[in-house]
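One file, my_file-v7.cif, is given below (mmCIF, C-alpha atoms).
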data_final
loop_
_atom_site.label_atom_id
_atom_site.label_comp_id
_atom_site.auth_asym_id
_atom_site.auth_seq_id
_atom_site.Cartn_x
_atom_site.Cartn_y
_atom_site.Cartn_z
CA MET A 1 -2.02 12.07 109.21
CA ALA A 2 -3.03 15.60 108.12
CA GLN A 3 -1.08 17.07 105.23
CA PRO A 4 0.62 20.41 106.02
CA THR A 5 -0.98 23.32 104.20
CA THR A 6 1.13 25.71 102.13
CA PRO A 7 0.70 29.27 103.35
CA ALA A 8 -0.81 31.65 100.79
CA HIS A 9 1.59 34.21 99.41
CA PHE A 10 -1.08 36.94 99.19
CA THR A 11 -4.17 37.70 101.19
CA ALA A 12 -7.56 38.19 99.55
CA THR A 13 -7.20 41.96 99.84
CA GLN A 14 -3.79 41.85 98.21
CA TRP A 15 -5.15 39.73 95.36
CA ARG A 16 -7.90 42.33 94.79
CA VAL A 17 -5.32 45.11 94.70
CA ILE A 18 -3.16 43.14 92.25
CA SER A 19 -6.17 42.38 90.04
CA SER A 20 -7.22 46.03 90.01
CA ALA A 21 -3.67 47.10 89.13
CA LEU A 22 -3.52 44.60 86.27
CA VAL A 23 -6.87 45.80 84.94
CA LEU A 24 -5.72 49.44 85.08
CA LEU A 25 -2.46 48.45 83.36
CA ALA A 26 -4.38 46.68 80.60
CA VAL A 27 -6.72 49.66 80.15
CA GLY A 28 -3.73 52.03 80.03
CA ALA A 29 -1.95 49.85 77.47
CA ALA A 30 -5.10 49.67 75.33
CA GLY A 31 -5.51 53.44 75.55
CA ALA A 32 -1.87 53.99 74.58
CA LEU A 33 -2.25 51.67 71.59
CA LEU A 34 -5.42 53.51 70.56
CA VAL A 35 -3.69 56.90 70.77
CA LEU A 36 -0.73 55.52 68.80
CA ALA A 37 -3.06 54.08 66.15
CA MET A 38 -4.95 57.38 65.88
CA GLY A 39 -1.65 59.25 65.50
CA VAL A 40 -0.49 56.91 62.73
CA ILE A 41 -3.85 57.12 60.95
CA GLY A 42 -3.88 60.91 61.32
CA ARG A 43 -0.40 61.26 59.82
CA PHE A 44 -1.34 58.88 57.01
CA VAL A 45 -4.51 60.81 56.20
CA GLY A 46 -2.70 64.14 56.44
CA HIS A 47 0.13 63.00 54.18
CA PHE A 48 -2.11 61.42 51.54
CA SER A 49 -5.00 63.90 51.88
CA GLY A 50 -4.66 64.90 48.22
CA VAL A 51 -5.46 61.33 47.22
CA LEU A 52 -8.00 60.51 49.92
CA TRP A 53 -10.29 63.54 49.95
CA PRO A 54 -11.50 63.15 46.31
CA LEU A 55 -12.29 59.51 47.08
CA ALA A 56 -14.11 60.49 50.27
CA VAL A 57 -16.11 63.21 48.50
CA ALA A 58 -17.07 60.85 45.67
CA ALA A 59 -18.05 58.09 48.10
CA VAL A 60 -20.24 60.43 50.16
CA LEU A 61 -21.88 61.84 47.02
CA ALA A 62 -22.55 58.30 45.81
CA LEU A 63 -24.29 57.45 49.09
CA ILE A 64 -26.35 60.64 48.84
CA LEU A 65 -27.34 60.10 45.20
CA ARG A 66 -27.99 56.34 45.39
CA PRO A 67 -31.73 56.73 46.16
CA LEU A 68 -32.10 58.84 42.98
CA ILE A 69 -30.46 56.08 40.96
CA PHE A 70 -32.85 53.53 42.45
CA ALA A 71 -35.83 55.79 41.65
CA LEU A 72 -34.71 56.23 38.03
CA GLU A 73 -34.23 52.47 37.64
CA LYS A 74 -37.64 51.71 39.09
CA ARG A 75 -39.74 54.49 37.56
CA LEU A 76 -38.18 54.61 34.09
CA HIS A 77 -37.17 50.92 33.91
CA LEU A 78 -33.57 51.83 33.10
CA ARG A 79 -30.44 49.80 33.53
CA ARG A 80 -27.91 51.09 36.03
CA PRO A 81 -25.47 52.67 33.49
CA ALA A 82 -28.32 54.45 31.69
CA ALA A 83 -29.70 55.76 35.02
CA VAL A 84 -26.27 57.09 36.02
CA ILE A 85 -25.77 58.78 32.64
CA LEU A 86 -29.26 60.33 32.85
CA LEU A 87 -28.52 61.62 36.36
CA TYR A 88 -25.27 63.15 35.15
CA GLY A 89 -27.15 64.82 32.29
CA VAL A 90 -29.74 66.29 34.67
CA PHE A 91 -27.02 67.67 36.94
CA VAL A 92 -25.20 69.18 33.97
CA LEU A 93 -28.40 70.99 32.92
CA LEU A 94 -29.06 72.16 36.49
CA GLY A 95 -25.44 73.29 36.80
CA ALA A 96 -25.69 75.23 33.56
CA ALA A 97 -28.92 76.88 34.74
CA GLY A 98 -27.29 77.79 38.06
CA LEU A 99 -24.24 79.06 36.23
CA PHE A 100 -26.35 81.56 34.28
CA LEU A 101 -28.94 82.47 36.93
CA LEU A 102 -27.43 82.06 40.40
CA ILE A 103 -23.66 82.09 40.02
CA PRO A 104 -23.30 85.66 38.59
CA PRO A 105 -24.89 87.46 41.59
CA LEU A 106 -23.13 85.17 44.07
CA PHE A 107 -19.79 85.67 42.34
CA ALA A 108 -20.32 89.43 42.14
CA GLN A 109 -21.18 89.63 45.85
CA SER A 110 -18.16 87.49 46.71
CA LEU A 111 -15.82 89.89 44.89
CA ASP A 112 -17.55 92.90 46.43
CA PHE A 113 -17.22 91.39 49.90
CA LEU A 114 -13.47 90.82 49.40
CA ASP A 115 -13.13 94.43 48.24
CA TYR A 116 -15.15 95.65 51.24
CA ALA A 117 -13.19 93.65 53.85
CA PRO A 118 -10.42 96.31 54.30
CA THR A 119 -13.11 99.00 54.65
CA LEU A 120 -14.90 96.89 57.28
CA TRP A 121 -11.63 96.45 59.20
CA ALA A 122 -10.89 100.19 59.02
CA SER A 123 -14.42 101.04 60.19
CA GLY A 124 -14.10 98.67 63.14
CA ARG A 125 -10.75 100.14 64.14
CA ALA A 126 -12.08 103.70 63.83
CA TYR A 127 -15.10 102.82 65.99
CA LEU A 128 -12.87 101.38 68.71
CA GLU A 129 -10.52 104.37 68.60
CA ARG A 130 -13.48 106.74 68.88
CA HIS A 131 -15.39 104.99 71.66
CA TYR A 132 -12.81 102.80 73.44
CA PRO A 133 -9.40 104.49 73.00
CA GLU A 134 -8.10 102.94 76.21
CA TRP A 135 -8.43 99.47 74.70
CA ILE A 136 -6.43 100.50 71.61
CA THR A 137 -3.74 102.01 73.83
CA LEU A 138 -3.62 98.87 75.96
CA ILE A 139 -3.33 96.60 72.92
CA GLN A 140 -0.60 98.73 71.35
CA ARG A 141 1.35 98.82 74.62
CA GLN A 142 1.08 95.06 75.02
CA LEU A 143 2.11 94.39 71.43
CA ALA A 144 5.23 96.47 72.03
CA ASN A 145 6.23 93.94 74.69
CA PRO A 146 8.68 91.45 73.04
CA THR A 147 7.16 88.47 74.86
CA VAL A 148 3.61 89.34 73.78
CA HIS A 149 4.85 90.07 70.25
CA GLN A 150 6.48 86.63 70.10
CA ILE A 151 3.29 84.97 71.37
CA ALA A 152 1.27 86.83 68.70
CA ASP A 153 3.69 85.70 66.00
CA SER A 154 3.47 82.11 67.23
CA ALA A 155 -0.34 82.30 67.23
CA GLY A 156 -0.24 83.60 63.65
CA GLU A 157 1.96 80.71 62.55
CA GLU A 158 -0.34 78.24 64.31
CA LEU A 159 -3.35 79.76 62.57
CA LYS A 160 -1.59 79.51 59.20
CA THR A 161 -0.72 75.86 59.86
CA MET A 162 -4.28 75.13 60.96
CA LEU A 163 -5.68 76.66 57.77
CA GLU A 164 -3.26 74.64 55.65
CA HIS A 165 -4.43 71.48 57.41
CA ALA A 166 -8.08 72.52 57.26
CA VAL A 167 -8.24 72.86 53.49
CA PRO A 168 -6.05 70.42 51.56
CA SER A 169 -5.89 72.76 48.57
CA LEU A 170 -4.16 75.58 50.46
CA ARG A 171 -0.97 73.64 50.94
CA ALA A 172 -1.04 72.47 47.33
CA ALA A 173 -1.86 75.91 45.98
CA GLY A 174 1.09 77.29 47.93
CA GLY A 175 3.32 75.29 45.62
CA GLY A 176 2.43 77.56 42.71
CA LEU A 177 1.10 76.51 39.33
CA VAL A 178 1.99 72.83 39.81
CA GLY A 179 0.06 72.68 43.07
CA LEU A 180 -2.94 74.42 41.51
CA VAL A 181 -2.95 72.00 38.58
CA ALA A 182 -2.74 69.07 41.01
CA PHE A 183 -5.70 70.40 42.99
CA LEU A 184 -7.79 70.92 39.85
CA THR A 185 -6.88 67.39 38.76
CA HIS A 186 -8.15 66.03 42.08
CA VAL A 187 -11.39 67.96 41.67
CA ALA A 188 -11.80 66.77 38.06
CA VAL A 189 -11.38 63.11 39.02
CA ILE A 190 -14.27 63.24 41.52
CA PRO A 191 -16.96 62.76 38.81
CA VAL A 192 -15.00 59.75 37.51
CA TYR A 193 -14.88 58.15 40.96
CA LEU A 194 -18.53 59.02 41.48
CA PHE A 195 -19.57 57.38 38.21
CA PHE A 196 -18.02 54.03 39.16
CA PHE A 197 -19.30 54.24 42.73
CA LEU A 198 -22.84 54.77 41.43
CA LEU A 199 -22.47 51.78 39.12
CA ALA A 200 -21.79 49.51 42.10
CA ARG A 201 -24.73 47.36 43.07
CA ASP A 202 -26.24 47.12 46.55
CA GLY A 203 -25.35 44.22 48.76
CA SER A 204 -21.64 44.94 48.50
CA THR A 205 -21.32 44.34 52.25
CA GLU A 206 -22.30 40.71 51.68
CA LYS A 207 -19.09 40.25 49.68
CA ILE A 208 -17.13 40.90 52.87
CA HIS A 209 -18.07 37.49 54.32
CA PRO A 210 -15.77 35.40 52.10
CA ASN A 211 -12.86 37.78 52.79
CA LEU A 212 -12.98 37.20 56.55
CA PRO A 213 -12.39 33.44 56.85
CA PHE A 214 -10.09 33.93 59.84
CA LEU A 215 -12.99 35.17 61.99
CA SER A 216 -15.58 33.01 63.66
CA PRO A 217 -19.10 33.21 62.16
CA GLY A 218 -20.42 35.28 65.06
CA VAL A 219 -17.61 37.83 64.95
CA ARG A 220 -17.85 37.96 61.15
CA GLU A 221 -21.55 38.83 61.41
CA ASP A 222 -20.74 41.59 63.90
CA VAL A 223 -18.08 43.07 61.62
CA VAL A 224 -20.41 43.08 58.60
CA PHE A 225 -23.18 44.56 60.75
CA LEU A 226 -20.91 47.39 61.93
CA ILE A 227 -19.72 48.15 58.39
CA ARG A 228 -23.32 48.23 57.20
CA GLU A 229 -24.25 50.50 60.13
CA PHE A 230 -21.37 52.87 59.38
CA ILE A 231 -22.36 53.14 55.71
CA GLY A 232 -25.96 53.78 56.72
CA ILE A 233 -24.96 56.47 59.23
CA VAL A 234 -22.70 58.22 56.71
CA ALA A 235 -25.40 58.17 54.04
CA ALA A 236 -28.18 59.39 56.34
CA PHE A 237 -26.02 62.05 57.99
CA PHE A 238 -24.58 63.66 54.87
CA ARG A 239 -27.79 63.37 52.89
CA GLY A 240 -29.71 65.01 55.72
CA GLN A 241 -27.08 67.65 56.50
CA LEU A 242 -26.75 68.63 52.83
CA ILE A 243 -30.51 69.11 52.47
CA ILE A 244 -30.70 70.99 55.78
CA GLY A 245 -27.69 73.14 54.83
CA LEU A 246 -29.21 74.09 51.47
CA ILE A 247 -32.54 75.00 53.05
CA MET A 248 -30.86 76.98 55.84
CA GLY A 249 -28.67 78.75 53.28
CA GLY A 250 -31.71 79.76 51.24
CA LEU A 251 -33.60 80.98 54.32
CA LEU A 252 -30.62 82.94 55.66
CA ALA A 253 -29.91 84.47 52.24
CA LEU A 254 -33.57 85.53 51.96
CA GLY A 255 -33.65 86.89 55.52
CA PHE A 256 -30.37 88.81 55.23
CA SER A 257 -31.42 90.30 51.89
CA LEU A 258 -34.81 91.42 53.25
CA ILE A 259 -33.35 93.18 56.30
CA GLY A 260 -30.73 94.98 54.20
CA LEU A 261 -27.50 93.27 55.27
CA LYS A 262 -24.72 93.89 52.76
CA PHE A 263 -23.67 90.77 50.86
CA GLY A 264 -26.59 88.94 52.50
CA LEU A 265 -27.11 86.62 49.53
CA ILE A 266 -23.62 85.12 49.44
CA LEU A 267 -23.19 85.14 53.24
CA GLY A 268 -26.49 83.35 53.78
CA PHE A 269 -25.72 80.57 51.30
CA VAL A 270 -22.16 80.08 52.58
CA ILE A 271 -23.23 80.03 56.24
CA GLY A 272 -25.98 77.52 55.49
CA LEU A 273 -23.67 75.18 53.58
CA LEU A 274 -21.02 75.39 56.30
CA ASN A 275 -23.59 73.90 58.68
CA ILE A 276 -22.85 70.56 57.02
CA VAL A 277 -20.28 70.55 59.84
CA PRO A 278 -22.63 71.11 62.81
CA TYR A 279 -22.41 74.58 64.40
CA LEU A 280 -19.52 75.64 62.15
CA GLY A 281 -21.64 77.85 59.92
CA THR A 282 -23.44 79.48 62.84
CA VAL A 283 -20.25 80.29 64.75
CA LEU A 284 -18.39 81.69 61.74
CA GLY A 285 -21.52 83.44 60.49
CA LEU A 286 -22.05 85.31 63.76
CA ALA A 287 -18.40 86.36 63.77
CA VAL A 288 -18.80 87.90 60.30
CA THR A 289 -22.38 89.15 60.06
CA LEU A 290 -22.71 90.89 63.43
CA PRO A 291 -19.73 93.25 62.92
CA LEU A 292 -20.84 93.79 59.33
CA ALA A 293 -24.38 94.67 60.44
CA PHE A 294 -23.08 97.11 63.04
CA LEU A 295 -20.41 98.81 60.91
CA GLN A 296 -21.98 99.02 57.45
CA PRO A 297 -23.03 102.57 56.46
CA ASP A 298 -26.74 102.15 57.27
CA GLY A 299 -26.11 99.65 60.08
CA GLY A 300 -26.24 99.84 63.85
CA TRP A 301 -27.79 98.07 66.80
CA ARG A 302 -31.16 97.80 65.04
CA LEU A 303 -29.64 95.86 62.14
CA VAL A 304 -27.67 93.70 64.58
CA GLY A 305 -30.94 92.83 66.30
CA LEU A 306 -32.56 91.97 62.97
CA VAL A 307 -29.61 89.72 62.04
CA LEU A 308 -29.90 87.91 65.39
CA LEU A 309 -33.65 87.56 64.84
CA ALA A 310 -33.01 86.01 61.41
CA TYR A 311 -30.58 83.55 62.98
CA LEU A 312 -33.03 82.64 65.74
CA LEU A 313 -35.89 82.06 63.30
CA VAL A 314 -33.78 79.90 60.97
CA GLN A 315 -32.28 77.95 63.89
CA ALA A 316 -35.78 77.36 65.29
CA ILE A 317 -36.97 76.06 61.91
CA GLU A 318 -33.88 73.83 61.69
CA ALA A 319 -34.25 72.45 65.24
CA TRP A 320 -38.02 71.96 65.32
CA VAL A 321 -38.90 71.18 61.69
CA LEU A 322 -35.96 70.29 59.44
CA THR A 323 -33.82 68.07 61.68
CA PRO A 324 -36.70 66.01 63.16
CA ARG A 325 -38.26 65.42 59.73
CA ILE A 326 -35.09 64.92 57.67
CA MET A 327 -32.53 63.53 60.12
CA GLY A 328 -34.76 62.03 62.80
CA LYS A 329 -32.53 60.43 65.44
CA GLN A 330 -29.90 59.04 63.11
CA THR A 331 -26.98 59.87 65.40
CA GLY A 332 -28.56 60.18 68.83
CA LEU A 333 -25.60 62.25 70.05
CA HIS A 334 -25.73 65.03 72.63
CA PRO A 335 -24.75 68.51 71.31
CA VAL A 336 -21.73 68.61 73.65
CA VAL A 337 -20.59 65.24 72.29
CA ILE A 338 -20.97 66.58 68.74
CA ILE A 339 -18.78 69.63 69.49
CA VAL A 340 -16.07 67.54 71.20
CA ALA A 341 -16.20 65.00 68.35
CA ILE A 342 -15.67 67.71 65.71
CA PHE A 343 -12.55 69.03 67.46
CA PHE A 344 -11.25 65.52 68.26
CA TRP A 345 -11.56 64.04 64.78
CA GLY A 346 -10.48 67.29 63.13
CA THR A 347 -7.27 67.12 65.17
CA ALA A 348 -6.82 63.38 64.71
CA PHE A 349 -7.17 63.53 60.91
CA GLN A 350 -5.44 66.92 60.66
CA GLY A 351 -8.08 68.83 58.78
CA VAL A 352 -11.58 69.36 57.54
CA LEU A 353 -11.94 65.73 56.42
CA GLY A 354 -11.91 64.67 60.06
CA MET A 355 -14.41 67.39 60.95
CA LEU A 356 -16.77 66.22 58.20
CA LEU A 357 -16.52 62.60 59.30
CA ALA A 358 -16.65 63.42 63.03
CA ILE A 359 -20.34 62.71 63.58
CA PRO A 360 -20.54 59.47 61.52
CA LEU A 361 -17.34 58.15 63.13
CA THR A 362 -18.54 58.99 66.63
CA ALA A 363 -21.97 57.47 65.99
CA PHE A 364 -20.27 54.38 64.59
CA PHE A 365 -18.11 53.92 67.69
CA VAL A 366 -21.13 54.46 69.93
CA THR A 367 -22.97 51.77 67.97
CA ALA A 368 -19.96 49.44 68.20
CA TRP A 369 -19.71 49.98 71.96
CA ARG A 370 -23.43 49.29 72.47
CA LEU A 371 -23.13 46.09 70.43
CA ALA A 372 -20.04 44.93 72.34
CA LYS A 373 -21.59 45.80 75.70
CA ARG A 374 -24.80 43.94 74.89
CA LYS A 375 -23.15 40.90 73.34
CA TYR A 376 -19.85 40.49 75.16
CA PHE A 377 -19.97 42.44 78.40
CA SER A 378 -23.52 41.92 79.59
CA ALA A 379 -23.89 40.21 82.94
CA PRO A 380 -25.22 36.64 82.76
CA ALA A 381 -28.87 36.29 83.72
#
Please re-express this file's structure in structure tokens.
Amino acid sequence: MAQPTTPAHFTATQWRVISSALVLLAVGAAGALLVLAMGVIGRFVGHFSGVLWPLAVAAVLALILRPLIFALEKRLHLRRPAAVILLYGVFVLLGAAGLFLLIPPLFAQSLDFLDYAPTLWASGRAYLERHYPEWITLIQRQLANPTVHQIADSAGEELKTMLEHAVPSLRAAGGGLVGLVAFLTHVAVIPVYLFFFLLARDGSTEKIHPNLPFLSPGVREDVVFLIREFIGIVAAFFRGQLIIGLIMGGLLALGFSLIGLKFGLILGFVIGLLNIVPYLGTVLGLAVTLPLAFLQPDGGWRLVGLVLLAYLLVQAIEAWVLTPRIMGKQTGLHPVVIIVAIFFWGTAFQGVLGMLLAIPLTAFFVTAWRLAKRKYFSAPA
């Protein structure tokens, strides 16, 4: 006798819909947890930025300087402490030489630029009033509107908050003498952190294995591999960007000085060093140097063209010579991804620390995703 069959509660189509809904729910829950985790981490980093940024700076400097330590150990047959002390001595001598040769003109130009800033602003306003009076009238009329005035005030407060988050010292310095002393203490402790980081031997990632007994051997290997990859990306990125930034700063300073741009020496070096955060130096530099070139006493459209030519030449050297030879394809990220990553991590970590770590963090997550996709999500052959 045939057994009666139990009717199915759902059809195949309904099961597919339910499965898709559950997958979307799981993805949404994972995304919400990720956003929550990023918010918690961002608040933690923002709150303890005074403690974390000296550690981060010292760690990055240690990764940059480690090859020099290895070279001193190998070439001079020195022990690690002696090599570190010798490196510190060399940097002290170089710093003293820079203090006497390079710092005075840079410092003098910095003070002159700060003194000239009100004159530059007045010249720009006078030019607009002379050639575009309707724009000045429109702006004044709009600022008289209470709603627009409130929006402008809100934008000013947002800009102030952003600057306080961007540079950890601003918020501390706002606290007066105590804040300034705290900031100087954080700066002074960086060489101490750096000394002990440089003393650490290679192979430190191998010590992670015994501390992960709760993971299976395969997962443990993946975790150690990702940590090693992240350290390698950070070292290669900052080492390369620092070298590229110094070279770009020197080239821009030389170019600006030759074409007669006021304060070209200090502006060139600052713009080049700011390119440690990709595109930051170029964007800020254009916003400062183009108006300066147009409004300075002997300036005009010709000097603006020469400034743009200097930028184009230096950017071409950076894109075609410096980056391929120094950086290679360490990150493999598209320029649009780099820009989005800078804004994302800068917002997530509430400041310049996130912007500095944006490219290494993004490259790390791309590497982690490629590893997971290849090892855990690849379709069976």
Open item on the list: Just want the 6 Å neighbourhood of region 259-274 of chain A, counted on only C-alpha atoms, with same-chain residues fewer than 6 positions away dropped. Output as a list of chain:residue names.
Closed with: A:Leu106, A:Gln109, A:Gly245, A:Met248, A:Gly249, A:Leu252, A:Ala253, A:Gly281, A:Gly285
Okay, now the selection with C-alpha atoms, as a PDB file, in the frame of the given file?
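Resulting contents of result-v5.pdb:
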ATOM      1  CA  LEU A 106     -23.130  85.170  44.070  1.00  0.00           C
ATOM      2  CA  GLN A 109     -21.180  89.630  45.850  1.00  0.00           C
ATOM      3  CA  GLY A 245     -27.690  73.140  54.830  1.00  0.00           C
ATOM      4  CA  MET A 248     -30.860  76.980  55.840  1.00  0.00           C
ATOM      5  CA  GLY A 249     -28.670  78.750  53.280  1.00  0.00           C
ATOM      6  CA  LEU A 252     -30.620  82.940  55.660  1.00  0.00           C
ATOM      7  CA  ALA A 253     -29.910  84.470  52.240  1.00  0.00           C
ATOM      8  CA  GLY A 281     -21.640  77.850  59.920  1.00  0.00           C
ATOM      9  CA  GLY A 285     -21.520  83.440  60.490  1.00  0.00           C
TER      10      GLY A 285
END
- [ ] List the residues selected by the PyMOL selection byres ((chain A and resi 60-67) around 6) in the file shown, writing them as a PyMOL selection string.
- [x] chain A and resi 57-59+68-70+194+198+235+239
Would you save the residues of that selection, restricted to C-alpha atoms, as a CSV table (one decimal), keeping the file's coordinate frame?
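Below you can see out_31.csv, which holds the result:
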chain,number,residue,atom,x,y,z
A,57,VAL,CA,-16.1,63.2,48.5
A,58,ALA,CA,-17.1,60.8,45.7
A,59,ALA,CA,-18.0,58.1,48.1
A,68,LEU,CA,-32.1,58.8,43.0
A,69,ILE,CA,-30.5,56.1,41.0
A,70,PHE,CA,-32.8,53.5,42.4
A,194,LEU,CA,-18.5,59.0,41.5
A,198,LEU,CA,-22.8,54.8,41.4
A,235,ALA,CA,-25.4,58.2,54.0
A,239,ARG,CA,-27.8,63.4,52.9
Open item on the list: Ranking A:Ala319, A:Ile85, A:Val304, A:Ile359 by minimum distance to Trp345 (chain A) and counting all atoms listed in the file, which one comes first?
Closed with: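 Closest to Trp345 (chain A) of all the choices is A:Ile359.
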Open item on the list: Nearest residue to Trp121 (chain A) out of A:Leu33, A:Leu78, A:Val51, A:Val288, using only C-alpha atoms?
Closed with: A:Val288
TODO: Enter the distance from CA of Leu120 (chain A) to CA of Pro291 (chain A), in Å, rounded to one decimal.
DONE: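 Going from CA of Leu120 (chain A) over to CA of Pro291 (chain A), I get 8.3 Å.
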TODO: Find the residues near region 122-126 of chain A: any atom within 12 Å, counting all atoms listed in the file, skip ones fewer than 2 places away on the same chain, and give them as a list of chain:residue names.
DONE: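 My reading of the contact set: A:Tyr116, A:Ala117, A:Pro118, A:Thr119, A:Leu120, A:Leu128, A:Glu129, A:Arg130, A:His131, A:Tyr132, A:Pro133, A:Trp135, A:Ile136, A:Leu290, A:Pro291, A:Leu292, A:Ala293, A:Phe294, A:Leu295, A:Gln296, A:Pro297, A:Gly299.
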- [ ] Might you pull out every residue within 12 Å of Gly232 (chain A), with all atoms listed in the file counted and same-chain residues fewer than 3 positions away left off, and present them as a PyMOL selection string?
- [x] chain A and resi 60+63-64+66+205+225-229+235-240+330-331+360-361+363-364+367
TODO: Evaluate the PyMOL selection byres ((chain A and resi 323) around 12) and record the selected residues as JSON, numbers by chain, following the chain and residue labels used in the document.
DONE: {"A": [236, 237, 239, 240, 241, 242, 243, 244, 245, 247, 248, 278, 314, 315, 316, 317, 318, 319, 320, 321, 322, 324, 325, 326, 327, 328, 329, 330, 331, 332]}
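Between CA of Ser20 (chain A) and CA of Val219 (chain A) the separation is 28.3 Å.
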Task: Residue nearest Ala348 (chain A) - candidates A:Gly28, A:Gly255, A:Pro217, A:Gly39, atoms counted: only C-alpha atoms - done: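 For Ala348 (chain A), the nearest of the candidates is A:Gly39.
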Open item on the list: Which residues would end up in the selection if the PyMOL selection byres ((chain A and resi 344) around 12) were applied here, given that I need the answer as a ChimeraX atom specification?
Closed with: /A:35,38-39,42,337-343,345-359,361-362
Output the selection as an mmCIF file, in the frame of the given file - C-alpha atoms for each residue.
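Saved the output as result12.cif:
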data_model
loop_
_atom_site.group_PDB
_atom_site.id
_atom_site.type_symbol
_atom_site.label_atom_id
_atom_site.label_comp_id
_atom_site.auth_asym_id
_atom_site.auth_seq_id
_atom_site.Cartn_x
_atom_site.Cartn_y
_atom_site.Cartn_z
ATOM 1 C CA VAL A 35 -3.690 56.900 70.770
ATOM 2 C CA MET A 38 -4.950 57.380 65.880
ATOM 3 C CA GLY A 39 -1.650 59.250 65.500
ATOM 4 C CA GLY A 42 -3.880 60.910 61.320
ATOM 5 C CA VAL A 337 -20.590 65.240 72.290
ATOM 6 C CA ILE A 338 -20.970 66.580 68.740
ATOM 7 C CA ILE A 339 -18.780 69.630 69.490
ATOM 8 C CA VAL A 340 -16.070 67.540 71.200
ATOM 9 C CA ALA A 341 -16.200 65.000 68.350
ATOM 10 C CA ILE A 342 -15.670 67.710 65.710
ATOM 11 C CA PHE A 343 -12.550 69.030 67.460
ATOM 12 C CA TRP A 345 -11.560 64.040 64.780
ATOM 13 C CA GLY A 346 -10.480 67.290 63.130
ATOM 14 C CA THR A 347 -7.270 67.120 65.170
ATOM 15 C CA ALA A 348 -6.820 63.380 64.710
ATOM 16 C CA PHE A 349 -7.170 63.530 60.910
ATOM 17 C CA GLN A 350 -5.440 66.920 60.660
ATOM 18 C CA GLY A 351 -8.080 68.830 58.780
ATOM 19 C CA VAL A 352 -11.580 69.360 57.540
ATOM 20 C CA LEU A 353 -11.940 65.730 56.420
ATOM 21 C CA GLY A 354 -11.910 64.670 60.060
ATOM 22 C CA MET A 355 -14.410 67.390 60.950
ATOM 23 C CA LEU A 356 -16.770 66.220 58.200
ATOM 24 C CA LEU A 357 -16.520 62.600 59.300
ATOM 25 C CA ALA A 358 -16.650 63.420 63.030
ATOM 26 C CA ILE A 359 -20.340 62.710 63.580
ATOM 27 C CA LEU A 361 -17.340 58.150 63.130
ATOM 28 C CA THR A 362 -18.540 58.990 66.630
#
Open item on the list: Taking all atoms listed in the file into account, name the residue in A:Val277, A:Val187, A:Leu251, A:Ala287 that is nearest to Tyr311 (chain A).
Closed with: A:Leu251
TODO: Quick one: pull the distance between CA of Leu52 (chain A) and CA of Phe230 (chain A), Å, one decimal.
DONE: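 These two atoms are separated by 18.1 Å.
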